[in-house]
Amino acid sequence: MESLLDVMENKRHWAWAAFTSGRVALDVLHIHFEQEYATYVRDFPRMVGWAYVQCPRPAARRELAENLYEEETGGLVAGRPHPELFLEYPRGLGMDLSRFDDIELLPGAAAFRELLDEVTQRRGWEVATAVTTIFLEGSPYERGELDERADKRPEPPLEQHPLVVHYGLPLESLALTKAHRQVEGEHRRAAWDIVLHEVSAAAREPVVRAMREVLASWHAYRDDVAKACGLSP
């Protein structure tokens with residue numbers, strides 16, 4: 001648990017403050033959305049599906065199936081597939097959505113996506129589950145999901161969302177944010193319960209190793225996005 005929490009507490013990037021404070025010009029902000037969409041958002045339900053189909057443990061499969069169903073259909077909370085709702089961000093900002101039909105990944109993003117495909121398809125259900133449900137869905141505030149005394153993930157009012165405050169995004173375009181807030185508490189608890197109680201002792205070291213590898217690749221990916229948006233450390 002501590003090894004995984006260490007990974008997640010390092011899921012912080014030097015450029016993120018620029019994206020949340022309006023310092024990234026609107027005419028290049030589309031790069032961020034395109035790269036996020038193509039690296040994992042568009043295919044996240046399939047990645048969870050890979051964890052599900054490899055998993056031999058019924059209790060873990062049930063949790064993964066519920067996550068997959070919501071991500072793929074929105075049938076429990078959101079009402080629409082989560083990848084579709086993600087596109088409401090660029091749509092609400094007046095971006096050309098045809099950009100999202102054929103996205104060319106930046107080098108770091110391409111390497112990150114290649115690694116995600118490997119760890120979700122070829123390293124076993126334990127690694128696939130940890131990477132999808134803890135790393136990709138999680139935040140640096142995962143300790144707060146396990147310890148009521150720890151800092152919680154910030155959830156300011158939607159009116160204070162950075163895209164609303166700095167870029168004029170309409171509140172109705174935050175449908176995915178709303179859905180995440182409704183389901184994330186349950187998803188976080190389920191993710192940690194699976195990894196801490198269903199993953200065998202023998203699989204723990206490969207899980208931690210994969211998570212550290214994914215973290216390093218994620219940082220390189222976000223470095224490339226920041227550079228493409230005109231940012232530097």
# chains A, B, ... in the order shown; residues from 1 in each chain; ligands from 1

$ residues_around --residues "A:Met47" --least-positions-apart "4" --cutoff "8 Å" --atoms "only C-alpha atoms" --output "list in words"
Asp43, Ala51, Asp117, Thr120, Gln121, Ala128 and Thr132 of chain A

$ write_last_selection --atoms "N, CA and C atoms" --output "PDB file, in the first residue's frame"
ATOM      1  N   ASP A  43     -10.116   5.062 -24.950  1.00  0.00           N
ATOM      2  CA  ASP A  43     -10.090   3.605 -24.835  1.00  0.00           C
ATOM      3  C   ASP A  43     -10.043   3.118 -23.400  1.00  0.00           C
ATOM      4  N   ALA A  51      -8.524  -5.846 -18.006  1.00  0.00           N
ATOM      5  CA  ALA A  51      -8.350  -6.312 -16.631  1.00  0.00           C
ATOM      6  C   ALA A  51      -9.440  -7.319 -16.278  1.00  0.00           C
ATOM      7  N   ASP A 117      -0.906  -0.128 -23.262  1.00  0.00           N
ATOM      8  CA  ASP A 117      -1.384  -1.326 -23.955  1.00  0.00           C
ATOM      9  C   ASP A 117      -0.673  -2.567 -23.435  1.00  0.00           C
ATOM     10  N   THR A 120      -1.788  -3.392 -19.660  1.00  0.00           N
ATOM     11  CA  THR A 120      -3.178  -3.816 -19.502  1.00  0.00           C
ATOM     12  C   THR A 120      -3.473  -5.127 -20.222  1.00  0.00           C
ATOM     13  N   GLN A 121      -2.654  -5.483 -21.202  1.00  0.00           N
ATOM     14  CA  GLN A 121      -2.951  -6.682 -21.988  1.00  0.00           C
ATOM     15  C   GLN A 121      -1.987  -7.846 -21.754  1.00  0.00           C
ATOM     16  N   ALA A 128      -2.959  -4.873 -14.713  1.00  0.00           N
ATOM     17  CA  ALA A 128      -3.971  -4.151 -15.489  1.00  0.00           C
ATOM     18  C   ALA A 128      -4.950  -3.429 -14.576  1.00  0.00           C
ATOM     19  N   THR A 132      -5.159   0.751 -14.331  1.00  0.00           N
ATOM     20  CA  THR A 132      -6.381   1.417 -14.778  1.00  0.00           C
ATOM     21  C   THR A 132      -7.135   2.066 -13.625  1.00  0.00           C
TER      22      THR A 132
END

$ select_by_dssp --residues "stretch 8-198 of chain A" --states "helix (DSSP H, G or I)" --output "PyMOL selection string"
chain A and resi 8-9+16-20+26-41+44-54+58-73+82-86+88-92+97-101+107-121+125-136+143-146+158-160+162-167+171-197

$ residues_around --residues "A:Leu158" --least-positions-apart "2" --cutoff "8 Å" --atoms "only C-alpha atoms" --output "number ranges by chain"
A: 156, 160-161, 164, 171, 174

$ residues_around --residues "A:Val199" --least-positions-apart "2" --cutoff "10 Å" --atoms "only C-alpha atoms" --output "NGL selection string"
:A and (57 or 60 or 125-127 or 129-130 or 193-197 or 201-204 or 207)

$ residues_around --residues "stretch 142-154 of chain A" --least-positions-apart "5" --cutoff "12 Å" --atoms "only C-alpha atoms" --output "VMD selection string"
chain A and resid 1 to 11 133 to 137 160 to 161 181 184 to 193 196

$ closest_residue --among "A:Phe33, A:Gly74, A:Ala111, A:Cys55" --to "A:Met95" --atoms "only C-alpha atoms"
A:Phe33

$ closest_residue --among "A:His219, A:His166, A:His13, A:Arg42" --to "A:Phe100" --atoms "only C-alpha atoms"
A:Arg42

$ closest_residue --among "A:Val214, A:Ala18, A:Leu26, A:Leu87" --to "A:Ser173" --atoms "only C-alpha atoms"
A:Leu87

$ closest_residue --among "A:Phe112, A:Phe44, A:Phe19, A:Tyr141" --to "A:Ser217" --atoms "only C-alpha atoms"
A:Phe112

$ atom_distance --atom1 "atom CA of A:Pro58" --atom2 "atom CA of A:Gly124"
15.5 Å

$ closest_residue --among "A:His180, A:Pro83, A:Ala59, A:Thr73" --to "A:Gly138" --atoms "only C-alpha atoms"
A:His180

$ atom_distance --atom1 "atom CA of A:Gly49" --atom2 "atom CA of A:Leu68"
6.4 Å

$ atom_distance --atom1 "atom CA of A:Glu71" --atom2 "atom CA of A:Tyr52"
13.2 Å
